[in-house]
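J.: So that we are looking at the same thing, I have put the structure below in structure tokens.
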Amino acid sequence: MSFRLLFGLFALLATMPASARDLDAKFLIKHKGKVIGHHIVDVRNTEFGTVVDTKIEMRVKFGPIPVFKYDHTAREVWRDDKLISLVSNTDNNGEVSSVDAKYRDGGLYINGSEYEGMAPANSAPSSYWDKSVVDAEALINTQTGEIIDIEVENLGETLAPHDQTAEHYRLTGTVALNIWYEGERWVGSNFIVDGEELTYVLAPTDRQYASSQEYLD
């Protein structure tokens, strides 16, 4: 099972909400109703700017034996509503990729495994926790640096994966994604990659999050 393009599509755009902590999230990643990993977003204001850490861990197992492994970490630093740096590392079942991007000459210069150059105007680096992504015209794959054109459709209020009503958007491009927001906060997603459906569900308790960590170990 390949998740390479999927996790390159989690995106972020420029405008930072007043309370960074309101955007923190812990998602359980489910496949056929079973938890196979988690996605954590940590947003905090510091003396250096707004720092956003993303961590994704996922395992597909045959019994106790892992047959697929995905690990991704990324850190973004924002200052004065500009992304000034993005560093990421990914191990996609043994295929390693990275991105090292910095703000210079009035824009974001990307040095990635699959793209090197300036980011297009009105593009969003992939993290997905900021609702402003729905105004983007292109995404920057934070796994490889690749530029991906997208279209966005507002589907109105629908039932999100955590069984609460939220604002629903569909993004289409390389893959089709559904994403939900409550206010400015990202609260769920689902998508199909290689014929397999994955669902992001908010972890309602620390105990449920801990159980996903036990599965990964």
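Going through the structure tokens in order, the chains are called A, B, and so on, while each chain numbers its residues from 1 and the ligands are numbered from 1 in the order shown.
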Tell me which protein, DNA and RNA residues are within 7 Å of A:Lys102, counting only C-alpha atoms, leaving out same-chain ones fewer than 5 positions away, and put them as a list in words.
T.: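 Near neighbours after the sequence-gap exclusion: Ile84, Ser85, Leu86, Leu108, Tyr109 and Ile110 of chain A.
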J.: Can you write just those residues out, N, CA and C atoms, as a PDB file, in the first residue's frame?
T.:
ATOM      1  N   ILE A  84       8.639  31.159   7.247  1.00  0.00           N
ATOM      2  CA  ILE A  84      10.046  31.481   7.033  1.00  0.00           C
ATOM      3  C   ILE A  84      10.924  30.240   6.966  1.00  0.00           C
ATOM      4  N   SER A  85      10.423  29.099   7.445  1.00  0.00           N
ATOM      5  CA  SER A  85      11.188  27.867   7.292  1.00  0.00           C
ATOM      6  C   SER A  85      10.291  26.652   7.421  1.00  0.00           C
ATOM      7  N   LEU A  86      10.665  25.607   6.718  1.00  0.00           N
ATOM      8  CA  LEU A  86       9.971  24.328   6.760  1.00  0.00           C
ATOM      9  C   LEU A  86      11.014  23.230   6.585  1.00  0.00           C
ATOM     10  N   LEU A 108       9.112  31.777  -0.686  1.00  0.00           N
ATOM     11  CA  LEU A 108       9.620  30.563  -0.067  1.00  0.00           C
ATOM     12  C   LEU A 108      10.408  29.761  -1.089  1.00  0.00           C
ATOM     13  N   TYR A 109      11.698  29.544  -0.807  1.00  0.00           N
ATOM     14  CA  TYR A 109      12.530  28.731  -1.691  1.00  0.00           C
ATOM     15  C   TYR A 109      12.552  27.300  -1.154  1.00  0.00           C
ATOM     16  N   ILE A 110      12.180  26.347  -2.022  1.00  0.00           N
ATOM     17  CA  ILE A 110      12.038  24.951  -1.629  1.00  0.00           C
ATOM     18  C   ILE A 110      13.209  24.130  -2.146  1.00  0.00           C
TER      19      ILE A 110
END
J.: Counting only C-alpha atoms, figure out which residue out of A:Ala74, A:Ile40, A:Asn45, A:Ile65 gets nearest to A:Val201.
T.: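 Nearest to A:Val201: A:Ile40.
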J.: Write down as a count of residues only the residues of stretch 65-206 of chain A whose backbone DSSP state falls under strand (DSSP E).
T.: 93
J.: Could you give me, as a PyMOL selection string, each residue of stretch 2-212 of chain A that DSSP assigns to helix (DSSP H, G or I) when run on this structure's backbone?
T.: chain A and resi 6-9+20-23+131-135+206-212
J.: Generate a file of the selected residues that holds N, CA and C atoms, formatted as a compact mmCIF listing (two decimals), in the first residue's frame.
T.:
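Saved to result_34.txt:
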# COMPACT_ATOMS: atom_id res chain seq x y z
N LEU A 6 -0.60 10.77 -0.52
CA LEU A 6 -1.64 11.11 0.45
C LEU A 6 -1.14 12.05 1.52
N PHE A 7 -0.03 11.68 2.17
CA PHE A 7 0.41 12.49 3.30
C PHE A 7 1.19 13.70 2.86
N GLY A 8 1.44 13.82 1.54
CA GLY A 8 1.97 15.07 1.03
C GLY A 8 0.89 16.12 0.88
N LEU A 9 -0.36 15.81 1.16
CA LEU A 9 -1.43 16.76 0.91
C LEU A 9 -1.98 17.42 2.16
N ALA A 20 -3.04 30.02 19.01
CA ALA A 20 -2.42 28.88 18.33
C ALA A 20 -2.84 27.56 18.95
N ARG A 21 -2.98 27.52 20.26
CA ARG A 21 -3.30 26.26 20.93
C ARG A 21 -4.65 25.69 20.51
N ASP A 22 -5.56 26.56 20.06
CA ASP A 22 -6.87 26.08 19.62
C ASP A 22 -6.75 25.17 18.41
N LEU A 23 -5.61 25.19 17.73
CA LEU A 23 -5.43 24.40 16.51
C LEU A 23 -4.70 23.09 16.75
N LYS A 131 -7.52 26.27 8.29
CA LYS A 131 -8.64 26.31 7.36
C LYS A 131 -8.37 27.16 6.13
N SER A 132 -7.39 28.06 6.20
CA SER A 132 -7.06 28.89 5.05
C SER A 132 -6.65 28.07 3.83
N VAL A 133 -6.37 26.80 4.02
CA VAL A 133 -6.02 25.94 2.89
C VAL A 133 -7.12 25.94 1.83
N VAL A 134 -8.36 26.19 2.23
CA VAL A 134 -9.45 26.14 1.26
C VAL A 134 -9.38 27.29 0.26
N ASP A 135 -8.51 28.28 0.51
CA ASP A 135 -8.32 29.38 -0.43
C ASP A 135 -7.09 29.18 -1.31
N ASP A 206 -7.07 10.85 26.00
CA ASP A 206 -5.66 10.49 25.98
C ASP A 206 -5.49 8.97 25.99
N ARG A 207 -6.43 8.27 26.59
CA ARG A 207 -6.33 6.80 26.63
C ARG A 207 -6.42 6.22 25.22
N GLN A 208 -7.32 6.76 24.40
CA GLN A 208 -7.43 6.27 23.03
C GLN A 208 -6.17 6.58 22.23
N TYR A 209 -5.60 7.78 22.46
CA TYR A 209 -4.35 8.10 21.80
C TYR A 209 -3.25 7.14 22.25
N ALA A 210 -3.19 6.84 23.55
CA ALA A 210 -2.17 5.92 24.07
C ALA A 210 -2.31 4.54 23.44
N SER A 211 -3.55 4.11 23.19
CA SER A 211 -3.74 2.80 22.58
C SER A 211 -3.20 2.77 21.17
N SER A 212 -3.25 3.89 20.45
CA SER A 212 -2.68 3.93 19.11
C SER A 212 -1.16 3.84 19.18
